[in-house]
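This is work-v3.tsv. It holds TSV, C-alpha atoms and all ligand atoms.
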```
chain	number	residue	atom	x	y	z
A	1	MET	CA	-13.73	-14.91	-35.48
A	2	THR	CA	-14.16	-11.70	-33.50
A	3	SER	CA	-10.73	-10.17	-33.17
A	4	SER	CA	-11.61	-6.88	-31.55
A	5	LEU	CA	-14.26	-5.74	-29.09
A	6	THR	CA	-14.89	-2.21	-27.86
A	7	ILE	CA	-16.90	-1.79	-24.67
A	8	ARG	CA	-17.58	0.94	-22.15
A	9	ARG	CA	-14.77	1.23	-19.65
A	10	PRO	CA	-15.42	-1.35	-16.91
A	11	ASP	CA	-15.81	-0.88	-13.16
A	12	ASP	CA	-14.88	-3.28	-10.38
A	13	TRP	CA	-17.61	-3.71	-7.76
A	14	HIS	CA	-15.36	-5.44	-5.19
A	15	LEU	CA	-11.69	-4.54	-4.85
A	16	HIS	CA	-9.00	-4.71	-2.16
A	17	LEU	CA	-6.50	-1.87	-2.54
A	18	ARG	CA	-4.89	-2.16	0.92
A	19	ASP	CA	-2.93	0.88	2.09
A	20	GLY	CA	0.54	2.43	2.09
A	21	ALA	CA	3.27	0.89	-0.04
A	22	MET	CA	1.11	-2.03	-1.18
A	23	MET	CA	-1.66	0.31	-2.32
A	24	ASN	CA	0.79	2.48	-4.25
A	25	ALA	CA	1.97	-0.60	-6.13
A	26	VAL	CA	-1.40	-2.21	-6.92
A	27	LEU	CA	-3.55	0.87	-7.57
A	28	PRO	CA	-2.23	1.44	-11.14
A	29	GLU	CA	-3.03	-2.18	-11.98
A	30	THR	CA	-6.72	-1.42	-11.47
A	31	ALA	CA	-6.76	2.21	-12.62
A	32	ARG	CA	-5.22	1.28	-15.98
A	33	HIS	CA	-8.43	-0.40	-17.14
A	34	PHE	CA	-11.17	0.38	-14.62
A	35	GLY	CA	-13.02	3.66	-14.20
A	36	ARG	CA	-14.27	3.04	-10.68
A	37	ALA	CA	-14.17	0.42	-7.97
A	38	ILE	CA	-15.99	-0.36	-4.76
A	39	ILE	CA	-13.13	-0.27	-2.25
A	40	MET	CA	-13.22	-2.91	0.45
A	41	PRO	CA	-12.78	-1.53	3.98
A	42	ASN	CA	-10.94	-4.48	5.58
A	43	LEU	CA	-7.79	-2.59	6.44
A	44	VAL	CA	-6.04	-3.07	9.77
A	45	PRO	CA	-7.70	-1.35	11.59
A	46	PRO	CA	-10.82	-1.38	9.39
A	47	VAL	CA	-12.55	1.60	7.75
A	48	VAL	CA	-15.41	1.94	10.22
A	49	THR	CA	-16.46	5.58	10.40
A	50	SER	CA	-17.12	8.24	7.80
A	51	ASP	CA	-13.95	9.99	8.95
A	52	ASP	CA	-11.98	6.79	8.30
A	53	ALA	CA	-13.49	6.52	4.80
A	54	ARG	CA	-12.77	10.15	3.97
A	55	ALA	CA	-9.15	9.79	5.03
A	56	TYR	CA	-8.73	6.52	3.11
A	57	GLN	CA	-10.29	8.04	-0.01
A	58	ALA	CA	-7.79	10.93	0.21
A	59	ARG	CA	-4.88	8.48	0.52
A	60	ILE	CA	-6.08	6.56	-2.55
A	61	LEU	CA	-6.44	9.72	-4.63
A	62	ALA	CA	-3.02	10.93	-3.50
A	63	ALA	CA	-1.50	7.60	-4.60
A	64	LEU	CA	-3.08	7.73	-8.06
A	65	PRO	CA	-0.35	8.34	-10.65
A	66	ASP	CA	-0.66	11.51	-12.73
A	67	GLY	CA	-2.72	11.04	-15.84
A	68	MET	CA	-4.72	8.10	-14.50
A	69	ASP	CA	-8.45	8.57	-14.21
A	70	PHE	CA	-10.00	6.47	-11.45
A	71	GLU	CA	-12.72	7.03	-8.87
A	72	PRO	CA	-12.65	5.04	-5.62
A	73	LEU	CA	-16.18	4.30	-4.38
A	74	MET	CA	-15.85	4.07	-0.63
A	75	THR	CA	-17.52	1.65	1.78
A	76	LEU	CA	-17.77	1.30	5.54
A	77	TYR	CA	-16.99	-1.84	7.51
A	78	LEU	CA	-20.03	-2.74	9.58
A	79	THR	CA	-19.34	-3.45	13.24
A	80	GLU	CA	-21.68	-4.01	16.14
A	81	ASN	CA	-20.84	-0.45	17.26
A	82	THR	CA	-21.53	1.29	13.94
A	83	ASP	CA	-23.60	4.45	14.32
A	84	PRO	CA	-26.54	4.50	11.85
A	85	GLU	CA	-26.47	8.30	11.72
A	86	ASP	CA	-22.80	8.35	10.71
A	87	VAL	CA	-23.58	5.85	7.93
A	88	ALA	CA	-26.55	7.89	6.72
A	89	ALA	CA	-24.54	11.11	6.73
A	90	ALA	CA	-21.70	9.50	4.75
A	91	TYR	CA	-24.19	8.28	2.16
A	92	ALA	CA	-25.97	11.63	1.96
A	93	ASP	CA	-22.57	13.30	1.38
A	94	GLY	CA	-21.89	10.99	-1.56
A	95	LEU	CA	-18.84	9.64	0.29
A	96	ILE	CA	-19.90	6.00	0.56
A	97	HIS	CA	-21.76	3.75	-1.87
A	98	ALA	CA	-22.21	0.64	0.25
A	99	VAL	CA	-21.67	-0.87	3.68
A	100	LYS	CA	-19.72	-4.11	3.94
A	101	LEU	CA	-20.79	-6.88	6.28
A	102	TYR	CA	-18.23	-9.53	7.20
A	103	PRO	CA	-19.50	-12.26	9.48
A	104	ALA	CA	-16.80	-12.27	12.18
A	105	GLY	CA	-14.02	-14.69	11.30
A	106	ALA	CA	-15.14	-15.31	7.72
A	107	THR	CA	-12.02	-14.08	5.95
A	108	THR	CA	-8.93	-11.83	5.97
A	109	ASN	CA	-9.25	-9.04	8.57
A	110	SER	CA	-12.83	-9.88	9.52
A	111	ALA	CA	-12.29	-10.11	13.29
A	112	SER	CA	-14.20	-6.83	13.84
A	113	GLY	CA	-17.15	-8.12	11.82
A	114	VAL	CA	-20.60	-9.08	12.99
A	115	LYS	CA	-21.18	-11.85	15.54
A	116	ASN	CA	-24.74	-11.10	16.53
A	117	PHE	CA	-26.94	-9.75	13.76
A	118	ASP	CA	-29.39	-8.29	16.30
A	119	ASN	CA	-26.69	-5.78	17.18
A	120	VAL	CA	-26.57	-4.30	13.65
A	121	ARG	CA	-30.29	-4.30	12.99
A	122	ASN	CA	-30.52	-0.56	13.65
A	123	VAL	CA	-27.92	0.12	10.95
A	124	LEU	CA	-29.53	-2.27	8.46
A	125	GLU	CA	-32.94	-0.67	9.05
A	126	LYS	CA	-31.49	2.75	8.39
A	127	MET	CA	-29.84	1.45	5.22
A	128	ALA	CA	-33.13	-0.05	4.02
A	129	GLU	CA	-34.83	3.29	4.67
A	130	ILE	CA	-32.29	5.35	2.69
A	131	GLY	CA	-31.59	2.78	-0.07
A	132	LEU	CA	-27.92	2.19	0.75
A	133	PRO	CA	-26.73	-1.23	-0.52
A	134	LEU	CA	-25.30	-3.85	1.80
A	135	CYS	CA	-22.35	-5.81	0.40
A	136	PHE	CA	-22.52	-9.16	2.13
A	137	HIS	CA	-19.68	-11.67	2.50
A	138	GLY	CA	-21.95	-14.68	2.20
A	139	GLU	CA	-20.50	-17.39	4.42
A	140	VAL	CA	-21.31	-18.76	7.83
A	141	THR	CA	-18.29	-19.29	10.03
A	142	THR	CA	-19.19	-22.00	12.52
A	143	ASP	CA	-16.85	-24.97	12.88
A	144	GLU	CA	-19.66	-27.45	12.33
A	145	VAL	CA	-20.25	-26.24	8.77
A	146	ASP	CA	-17.85	-27.56	6.15
A	147	ILE	CA	-15.93	-24.82	4.36
A	148	PHE	CA	-17.35	-25.96	0.99
A	149	ASP	CA	-20.93	-25.62	2.33
A	150	ARG	CA	-20.59	-22.27	4.04
A	151	GLU	CA	-22.18	-20.23	1.25
A	152	GLN	CA	-25.16	-22.53	0.84
A	153	VAL	CA	-25.81	-22.63	4.61
A	154	PHE	CA	-25.48	-18.84	4.76
A	155	LEU	CA	-28.23	-18.43	2.17
A	156	GLU	CA	-30.61	-20.61	4.15
A	157	THR	CA	-29.82	-19.58	7.71
A	158	VAL	CA	-28.71	-15.94	7.42
A	159	LEU	CA	-29.51	-14.21	4.15
A	160	ASP	CA	-33.00	-15.44	3.46
A	161	PRO	CA	-34.33	-14.87	7.01
A	162	LEU	CA	-32.75	-11.40	7.07
A	163	ARG	CA	-34.27	-10.44	3.73
A	164	GLN	CA	-37.66	-11.82	4.75
A	165	SER	CA	-37.59	-9.64	7.83
A	166	MET	CA	-36.27	-6.58	5.96
A	167	PRO	CA	-37.49	-6.84	2.36
A	168	GLU	CA	-36.51	-3.26	1.47
A	169	LEU	CA	-32.81	-3.81	2.22
A	170	LYS	CA	-30.72	-3.75	-0.97
A	171	VAL	CA	-28.29	-6.64	-0.80
A	172	THR	CA	-25.33	-7.55	-2.98
A	173	LEU	CA	-24.30	-11.16	-2.43
A	174	GLU	CA	-20.60	-10.89	-3.06
A	175	HIS	CA	-18.22	-13.23	-4.85
A	176	ILE	CA	-20.80	-15.96	-5.46
A	177	THR	CA	-19.16	-19.38	-5.69
A	178	THR	CA	-22.06	-21.85	-5.87
A	179	SER	CA	-25.05	-22.68	-8.03
A	180	HIS	CA	-27.08	-22.18	-4.85
A	181	GLY	CA	-25.96	-18.55	-4.67
A	182	ILE	CA	-26.71	-18.05	-8.35
A	183	ASP	CA	-30.16	-19.61	-8.01
A	184	TYR	CA	-30.93	-17.54	-4.94
A	185	VAL	CA	-30.00	-14.23	-6.57
A	186	ALA	CA	-31.69	-15.07	-9.86
A	187	GLY	CA	-34.89	-16.22	-8.21
A	188	ALA	CA	-35.35	-13.95	-5.22
A	189	SER	CA	-37.93	-11.21	-5.15
A	190	GLY	CA	-36.88	-7.73	-4.10
A	191	ASP	CA	-33.70	-5.77	-4.58
A	192	ILE	CA	-30.82	-8.19	-4.79
A	193	ALA	CA	-27.76	-8.57	-6.98
A	194	GLY	CA	-24.63	-10.68	-6.95
A	195	THR	CA	-21.03	-10.13	-7.90
A	196	ILE	CA	-18.84	-12.77	-9.53
A	197	THR	CA	-15.04	-12.75	-9.55
A	198	THR	CA	-12.79	-13.41	-12.50
A	199	HIS	CA	-10.99	-16.30	-10.84
A	200	HIS	CA	-14.16	-18.16	-9.85
A	201	LEU	CA	-15.09	-18.23	-13.55
A	202	MET	CA	-11.80	-19.99	-14.31
A	203	ILE	CA	-10.90	-22.28	-11.43
A	204	ASN	CA	-12.66	-24.89	-9.34
A	205	ARG	CA	-11.38	-26.82	-6.35
A	206	ASN	CA	-9.45	-29.27	-8.51
A	207	HIS	CA	-7.25	-26.41	-9.65
A	208	ILE	CA	-6.36	-25.71	-6.02
A	209	LEU	CA	-5.73	-29.27	-4.89
A	210	VAL	CA	-4.95	-31.68	-7.74
A	211	GLY	CA	-1.28	-32.24	-8.53
A	212	GLY	CA	-0.02	-30.29	-5.52
A	213	ILE	CA	-1.52	-27.46	-3.49
A	214	LYS	CA	-1.63	-24.12	-5.34
A	215	PRO	CA	-1.58	-21.30	-2.80
A	216	HIS	CA	-2.18	-18.62	-5.41
A	217	TYR	CA	-5.57	-20.21	-6.19
A	218	TYR	CA	-6.64	-20.13	-2.55
A	219	CYS	CA	-9.19	-17.44	-1.81
A	220	LEU	CA	-12.36	-17.02	0.23
A	221	PRO	CA	-14.97	-18.07	-0.43
A	222	VAL	CA	-12.94	-21.05	-1.60
A	223	ALA	CA	-13.57	-22.29	-5.15
A	224	LYS	CA	-16.09	-25.14	-5.22
A	225	ARG	CA	-16.82	-28.13	-7.49
A	226	ARG	CA	-16.63	-27.80	-11.24
A	227	GLU	CA	-20.44	-27.81	-11.61
A	228	HIS	CA	-20.58	-24.66	-9.48
A	229	MET	CA	-17.99	-22.98	-11.69
A	230	GLU	CA	-20.18	-23.88	-14.66
A	231	ALA	CA	-23.18	-22.25	-12.98
A	232	LEU	CA	-21.16	-19.08	-12.40
A	233	ARG	CA	-20.03	-19.02	-16.02
A	234	ALA	CA	-23.61	-19.45	-17.22
A	235	ALA	CA	-24.88	-16.66	-14.95
A	236	ALA	CA	-22.08	-14.20	-15.80
A	237	THR	CA	-22.64	-14.66	-19.53
A	238	SER	CA	-26.45	-14.78	-19.35
A	239	GLY	CA	-27.09	-11.06	-19.66
A	240	ASN	CA	-29.06	-11.08	-16.39
A	241	PRO	CA	-28.37	-7.62	-14.91
A	242	ARG	CA	-28.41	-9.00	-11.37
A	243	PHE	CA	-24.94	-10.46	-11.99
A	244	PHE	CA	-21.92	-8.24	-12.54
A	245	LEU	CA	-18.17	-8.10	-12.01
A	246	GLY	CA	-16.55	-7.74	-8.60
A	247	THR	CA	-13.01	-9.05	-9.04
A	248	ASP	CA	-12.21	-9.39	-5.33
A	249	SER	CA	-8.63	-8.81	-6.46
A	250	ALA	CA	-6.86	-9.23	-3.13
A	251	PRO	CA	-3.09	-8.73	-3.07
A	252	HIS	CA	-0.96	-10.63	-0.58
A	253	THR	CA	2.82	-10.83	-0.84
A	254	ASP	CA	4.24	-14.17	-1.96
A	255	ASP	CA	5.79	-14.91	1.44
A	256	THR	CA	2.33	-14.79	3.04
A	257	LYS	CA	0.72	-16.92	0.29
A	258	GLU	CA	3.48	-19.52	-0.02
A	259	ASN	CA	3.38	-20.27	3.66
A	260	ALA	CA	2.41	-23.06	6.07
A	261	CYS	CA	-0.66	-20.94	6.85
A	262	GLY	CA	-1.19	-19.13	3.56
A	263	CYS	CA	-3.44	-16.08	3.19
A	264	ALA	CA	-6.63	-16.15	1.14
A	265	GLY	CA	-6.87	-13.96	-1.95
A	266	CYS	CA	-6.21	-13.99	-5.70
A	267	PHE	CA	-4.66	-10.96	-7.37
A	268	THR	CA	-6.43	-10.44	-10.71
A	269	ALA	CA	-6.38	-6.66	-11.21
A	270	THR	CA	-3.63	-6.82	-13.85
A	271	ASN	CA	-5.21	-9.25	-16.30
A	272	THR	CA	-8.90	-9.44	-15.42
A	273	MET	CA	-10.25	-7.94	-18.66
A	274	SER	CA	-8.15	-10.30	-20.80
A	275	LEU	CA	-9.29	-13.28	-18.74
A	276	LEU	CA	-12.94	-12.25	-18.92
A	277	ALA	CA	-12.75	-11.87	-22.70
A	278	HIS	CA	-11.31	-15.39	-22.82
A	279	VAL	CA	-14.15	-16.82	-20.71
A	280	PHE	CA	-16.91	-14.94	-22.51
A	281	GLU	CA	-15.53	-16.03	-25.89
A	282	GLU	CA	-15.40	-19.65	-24.71
A	283	MET	CA	-19.04	-19.31	-23.69
A	284	GLY	CA	-19.97	-17.81	-27.08
A	285	ALA	CA	-21.06	-14.67	-25.27
A	286	LEU	CA	-18.61	-11.87	-26.07
A	287	ASP	CA	-21.64	-9.66	-26.68
A	288	LYS	CA	-22.54	-10.05	-22.98
A	289	LEU	CA	-19.17	-8.89	-21.61
A	290	GLU	CA	-20.04	-5.18	-21.65
A	291	GLY	CA	-23.17	-5.67	-19.57
A	292	PHE	CA	-21.33	-7.78	-17.01
A	293	SER	CA	-18.28	-5.57	-16.60
A	294	SER	CA	-19.46	-2.08	-17.53
A	295	LEU	CA	-23.25	-1.60	-17.43
A	296	PHE	CA	-25.08	-3.67	-14.82
A	297	GLY	CA	-22.94	-2.54	-11.86
A	298	PRO	CA	-23.44	1.20	-12.42
A	299	ALA	CA	-27.17	0.65	-12.95
A	300	ARG	CA	-27.36	-1.19	-9.66
A	301	TYR	CA	-25.52	1.58	-7.81
A	302	GLY	CA	-27.51	4.39	-9.44
A	303	LEU	CA	-24.57	5.66	-11.47
A	304	ALA	CA	-24.13	6.28	-15.19
A	305	PRO	CA	-21.81	3.98	-17.12
A	306	ASN	CA	-18.37	5.35	-17.88
A	307	ASP	CA	-18.19	7.54	-20.99
A	308	ALA	CA	-14.80	6.20	-22.05
A	309	THR	CA	-14.33	2.87	-23.81
A	310	ILE	CA	-11.68	0.18	-23.88
A	311	THR	CA	-10.87	-2.11	-26.77
A	312	LEU	CA	-9.98	-5.76	-26.38
A	313	VAL	CA	-7.95	-7.27	-29.19
A	314	LYS	CA	-7.47	-10.95	-29.89
A	315	GLU	CA	-3.90	-11.79	-30.90
A	316	ALA	CA	-2.71	-14.87	-32.75
A	317	ALA	CA	0.07	-15.29	-30.20
A	318	ALA	CA	-0.67	-15.79	-26.51
A	319	VAL	CA	-0.53	-12.58	-24.50
A	320	THR	CA	2.04	-12.39	-21.73
A	321	PHE	CA	1.30	-10.78	-18.38
A	322	PRO	CA	3.77	-9.93	-15.65
A	323	GLU	CA	4.20	-12.94	-13.42
A	324	LYS	CA	4.48	-10.70	-10.37
A	325	ILE	CA	3.95	-7.10	-9.38
A	326	ASN	CA	6.90	-5.91	-7.35
A	327	THR	CA	6.03	-3.90	-4.27
A	328	PRO	CA	8.25	-2.48	-1.53
A	329	VAL	CA	6.80	-5.07	0.85
A	330	GLY	CA	7.46	-8.00	-1.49
A	331	PRO	CA	6.28	-9.47	-4.80
A	332	VAL	CA	2.59	-10.17	-5.46
A	333	THR	CA	1.88	-13.00	-7.89
A	334	VAL	CA	-0.58	-12.17	-10.66
A	335	PHE	CA	-3.34	-14.74	-11.14
A	336	ASN	CA	-2.29	-17.23	-13.80
A	337	PRO	CA	-5.14	-19.30	-15.26
A	338	GLY	CA	-2.68	-21.99	-16.32
A	339	HIS	CA	-3.44	-21.84	-20.03
A	340	PRO	CA	-2.77	-19.40	-22.86
A	341	VAL	CA	-4.94	-16.29	-23.22
A	342	HIS	CA	-5.06	-14.35	-26.48
A	343	TRP	CA	-6.97	-11.21	-25.52
A	344	ARG	CA	-5.27	-8.01	-24.50
A	345	VAL	CA	-6.51	-4.53	-23.73
A	346	ALA	CA	-5.37	-2.24	-26.54
B	401	LIG	C1	-9.87	-11.03	0.86
B	401	LIG	C2	-8.66	-10.27	1.40
B	401	LIG	O1	-7.54	-10.76	1.24
B	401	LIG	O2	-8.83	-9.18	1.95
B	401	LIG	N1	-9.48	-12.38	0.59
B	401	LIG	C3	-10.09	-13.25	-0.24
B	401	LIG	O3	-9.72	-14.41	-0.28
B	401	LIG	N2	-11.07	-12.85	-1.03
B	401	LIG	C4	-11.01	-10.93	1.82
B	401	LIG	C5	-12.32	-11.31	1.24
B	401	LIG	O4	-12.87	-10.62	0.39
B	401	LIG	O5	-12.87	-12.35	1.64
B	402	ZN	ZN	-12.92	-9.42	-0.98
```
Kindly present the structure from the file in structure tokens form.
Amino acid sequence: MTSSLTIRRPDDWHLHLRDGAMMNAVLPETARHFGRAIIMPNLVPPVVTSDDARAYQARILAALPDGMDFEPLMTLYLTENTDPEDVAAAYADGLIHAVKLYPAGATTNSASGVKNFDNVRNVLEKMAEIGLPLCFHGEVTTDEVDIFDREQVFLETVLDPLRQSMPELKVTLEHITTSHGIDYVAGASGDIAGTITTHHLMINRNHILVGGIKPHYYCLPVAKRREHMEALRAAATSGNPRFFLGTDSAPHTDDTKENACGCAGCFTATNTMSLLAHVFEEMGALDKLEGFSSLFGPARYGLAPNDATITLVKEAAAVTFPEKINTPVGPVTVFNPGHPVHWRVA
């Protein structure tokens, strides 16, 4: 039995830090274990311009507790009014590492996202030219399409046609939840990668709905059938460098989750590395954890892996995590997989 595993310090390629008091409370949860993270720009109002990103980056660094070493990798929120030259300048300055595309209405704070893809073609063409990755929330949003089919329909009607027409564009299909998404990323030609969250490796739609509705398991894209979860687990542990970790850790206070109209998002920053060790061990693939969480993401983004390491230790007794993180705006429930976990970060 492996009881200890040392890997390069991980990075998180999809993280929601929010702002203000919430950010102050959740930032240490990520910075404790992770060296860097791609910071999602879906604030209210969103991070649209390079000036917005520079100001947000400064607020994150100011909120970082003394002694913690963490680098926020900034992104811009693509709107139909985004200026391609502003995007290119922010990338040339080293300020941003990706642009985020939310189809309008797809998820939390996506109202300013893209309705008509023709209106962002100029930005996407510029990004293809300069090699700046597009982080894509991969769901269609039309009422006619069932919420459980929205990723699959997106691949067929949005992503594939876009990539055919712009083969040089680097795309990251974010938080993949279906075998269709896995198959697309694994099989496509050109420059494509996909991120996988911690929670989608551990829950499927039964966990959300059987035995009473579990608001803390509700996120977008929503977890799908068990067979899709199995496909995600196989891809994450396969050693294929196209798949790497983006936790999509998305804090919402309990009052907004445990609500007649509950918010989407699972908060996994606190215990992600323990949970991943659990999953990778179950899959007989602990040797693949470092690639998934610490090597493939930096390679994709043209960065070196972190120099530092972390050590995961397997304990005989189950590890306990805080049930909630207290913030000045209310408690945030930490993702609980519903079964014991024995791995902790030393
Ligand atoms: C995210 C959030 O809360 O900002 N929610 C979620 O369920 N993942 C938005 C997102 O990434 O879709
Ligand atoms: Zn997200």
**Item:** Environment of ligand LIG 401 (chain B) within 9 Å, counting all atoms listed in the file, reported as an MDAnalysis selection string
**Value:** chainID A and resid 14:18 40:43 102 106:110 137 174:175 218:222 248:252 263:266
Take the residues from that selection and put them in a file with C-alpha atoms, as a compact mmCIF listing (two decimals), in the frame of the given file.
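Output saved as out_35.txt:
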```
# COMPACT_ATOMS: atom_id res chain seq x y z
CA HIS A 14 -15.36 -5.44 -5.19
CA LEU A 15 -11.69 -4.54 -4.85
CA HIS A 16 -9.00 -4.71 -2.16
CA LEU A 17 -6.50 -1.87 -2.54
CA ARG A 18 -4.89 -2.16 0.92
CA MET A 40 -13.22 -2.91 0.45
CA PRO A 41 -12.78 -1.53 3.98
CA ASN A 42 -10.94 -4.48 5.58
CA LEU A 43 -7.79 -2.59 6.44
CA TYR A 102 -18.23 -9.53 7.20
CA ALA A 106 -15.14 -15.31 7.72
CA THR A 107 -12.02 -14.08 5.95
CA THR A 108 -8.93 -11.83 5.97
CA ASN A 109 -9.25 -9.04 8.57
CA SER A 110 -12.83 -9.88 9.52
CA HIS A 137 -19.68 -11.67 2.50
CA GLU A 174 -20.60 -10.89 -3.06
CA HIS A 175 -18.22 -13.23 -4.85
CA TYR A 218 -6.64 -20.13 -2.55
CA CYS A 219 -9.19 -17.44 -1.81
CA LEU A 220 -12.36 -17.02 0.23
CA PRO A 221 -14.97 -18.07 -0.43
CA VAL A 222 -12.94 -21.05 -1.60
CA ASP A 248 -12.21 -9.39 -5.33
CA SER A 249 -8.63 -8.81 -6.46
CA ALA A 250 -6.86 -9.23 -3.13
CA PRO A 251 -3.09 -8.73 -3.07
CA HIS A 252 -0.96 -10.63 -0.58
CA CYS A 263 -3.44 -16.08 3.19
CA ALA A 264 -6.63 -16.15 1.14
CA GLY A 265 -6.87 -13.96 -1.95
CA CYS A 266 -6.21 -13.99 -5.70
```
**Message:** Which residues are near range 319-332 of chain A? Cut-off 12 Å, all atoms listed in the file, ignore same chain within fewer than 3 positions. Put them as a ChimeraX atom specification.
**Reply:** /A:19-29,216,249-258,265-275,278,312-316,335-346
To box range 284-297 of chain A, take all atoms listed in the file, fit an axis-aligned box, add 6 Å on each side, and give centre and edge lengths in Å to one decimal, as AutoDock Vina command-line options.
```
--center_x -21.7 --center_y -9.7 --center_z -19.5 --size_x 18.8 --size_y 28.2 --size_z 27.2
```
**Request:** Provide the CA of Glu281 in chain A to CA of Ser179 in chain A distance in Å, to one decimal place.
**Result:** 21.3 Å
**Item:** Non-local contacts of Met229 in chain A (8 Å; only C-alpha atoms; under 4 positions in same chain excluded) as a PyMOL selection string
**Value:** chain A and resi 177-179+200-204+223-225+233
**Request:** Find the residues around Val153 in chain A up to 12 Å (all atoms listed in the file counted), leave out those fewer than 2 positions away in its own chain, and share them as a PyMOL selection string.
**Result:** chain A and resi 138-142+144-151+155-161+178+180-181+184
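Every protein or nucleic acid residue with an atom no more than 8 Å from Cys135 in chain A, counting all atoms listed in the file and leaving out same-chain residues fewer than 6 positions away, appears here: A:Ala98, A:Val99, A:Lys100, A:Leu101, A:Val171, A:Thr172, A:Leu173, A:Glu174.
If you look at CA of Ala193 in chain A and CA of Arg242 in chain A, they are 4.5 Å away from each other.
Distance check against ligand ZN 402 (chain B) using only C-alpha atoms and all ligand atoms: of A:Asn306, A:Ala234, A:Asp12, A:Asp191, the minimum falls on A:Asp12.
Distance annotation: of A:Ala31, A:Ala308, A:Ala235, A:Ile176, the residue with the minimal separation from Phe154 in chain A is A:Ile176; atom set is all atoms listed in the file.
Comparing the minimum interatomic distances between Thr311 in chain A and each of A:Glu282, A:Asp69, A:Glu290, A:Glu129, counting all atoms listed in the file, we find that A:Glu290 sits nearest.
Of the residues listed (A:Val210, A:Leu61, A:Met74, A:Ala285), A:Met74 shows the shortest atom-to-atom separation from Leu95 in chain A; distances use only C-alpha atoms.
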**Request:** Go through A:Leu64, A:Ile38, A:Ala111, A:Leu289 and flag the residue nearest ligand ZN 402 (chain B), using all atoms listed in the file for the distances.
**Result:** A:Ile38
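Here CA of Asp66 in chain A and CA of Asp51 in chain A stand 25.5 Å from one another.
Closest to Val120 in chain A among A:Thr82, A:Lys288, A:Gln152, A:Ala90 is A:Thr82, based on all atoms listed in the file.
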Final N, CA and C atoms of range 224-236 of chain A as a PDB file, in the coordinates of the input:
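Result file is result-v3.pdb:
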```
ATOM      1  N   LYS A 224     -15.325 -23.924  -5.494  1.00  0.00           N
ATOM      2  CA  LYS A 224     -16.090 -25.140  -5.220  1.00  0.00           C
ATOM      3  C   LYS A 224     -15.922 -26.144  -6.369  1.00  0.00           C
ATOM      4  N   ARG A 225     -16.851 -27.123  -6.430  1.00  0.00           N
ATOM      5  CA  ARG A 225     -16.820 -28.130  -7.490  1.00  0.00           C
ATOM      6  C   ARG A 225     -16.961 -27.498  -8.871  1.00  0.00           C
ATOM      7  N   ARG A 226     -16.542 -28.268  -9.871  1.00  0.00           N
ATOM      8  CA  ARG A 226     -16.630 -27.800 -11.240  1.00  0.00           C
ATOM      9  C   ARG A 226     -18.052 -27.368 -11.628  1.00  0.00           C
ATOM     10  N   GLU A 227     -19.059 -28.139 -11.186  1.00  0.00           N
ATOM     11  CA  GLU A 227     -20.440 -27.810 -11.610  1.00  0.00           C
ATOM     12  C   GLU A 227     -20.848 -26.423 -11.096  1.00  0.00           C
ATOM     13  N   HIS A 228     -20.278 -26.005  -9.975  1.00  0.00           N
ATOM     14  CA  HIS A 228     -20.580 -24.660  -9.480  1.00  0.00           C
ATOM     15  C   HIS A 228     -19.905 -23.611 -10.369  1.00  0.00           C
ATOM     16  N   MET A 229     -18.670 -23.891 -10.754  1.00  0.00           N
ATOM     17  CA  MET A 229     -17.990 -22.980 -11.690  1.00  0.00           C
ATOM     18  C   MET A 229     -18.809 -22.836 -12.971  1.00  0.00           C
ATOM     19  N   GLU A 230     -19.362 -23.943 -13.437  1.00  0.00           N
ATOM     20  CA  GLU A 230     -20.180 -23.880 -14.660  1.00  0.00           C
ATOM     21  C   GLU A 230     -21.417 -23.000 -14.450  1.00  0.00           C
ATOM     22  N   ALA A 231     -21.997 -23.089 -13.274  1.00  0.00           N
ATOM     23  CA  ALA A 231     -23.180 -22.250 -12.980  1.00  0.00           C
ATOM     24  C   ALA A 231     -22.796 -20.768 -12.952  1.00  0.00           C
ATOM     25  N   LEU A 232     -21.626 -20.471 -12.423  1.00  0.00           N
ATOM     26  CA  LEU A 232     -21.160 -19.080 -12.400  1.00  0.00           C
ATOM     27  C   LEU A 232     -20.914 -18.575 -13.810  1.00  0.00           C
ATOM     28  N   ARG A 233     -20.315 -19.427 -14.632  1.00  0.00           N
ATOM     29  CA  ARG A 233     -20.030 -19.020 -16.020  1.00  0.00           C
ATOM     30  C   ARG A 233     -21.336 -18.775 -16.783  1.00  0.00           C
ATOM     31  N   ALA A 234     -22.321 -19.628 -16.542  1.00  0.00           N
ATOM     32  CA  ALA A 234     -23.610 -19.450 -17.220  1.00  0.00           C
ATOM     33  C   ALA A 234     -24.276 -18.150 -16.767  1.00  0.00           C
ATOM     34  N   ALA A 235     -24.224 -17.868 -15.462  1.00  0.00           N
ATOM     35  CA  ALA A 235     -24.880 -16.660 -14.950  1.00  0.00           C
ATOM     36  C   ALA A 235     -24.174 -15.399 -15.456  1.00  0.00           C
ATOM     37  N   ALA A 236     -22.840 -15.395 -15.408  1.00  0.00           N
ATOM     38  CA  ALA A 236     -22.080 -14.200 -15.800  1.00  0.00           C
ATOM     39  C   ALA A 236     -22.334 -13.860 -17.270  1.00  0.00           C
TER      40      ALA A 236
END
```
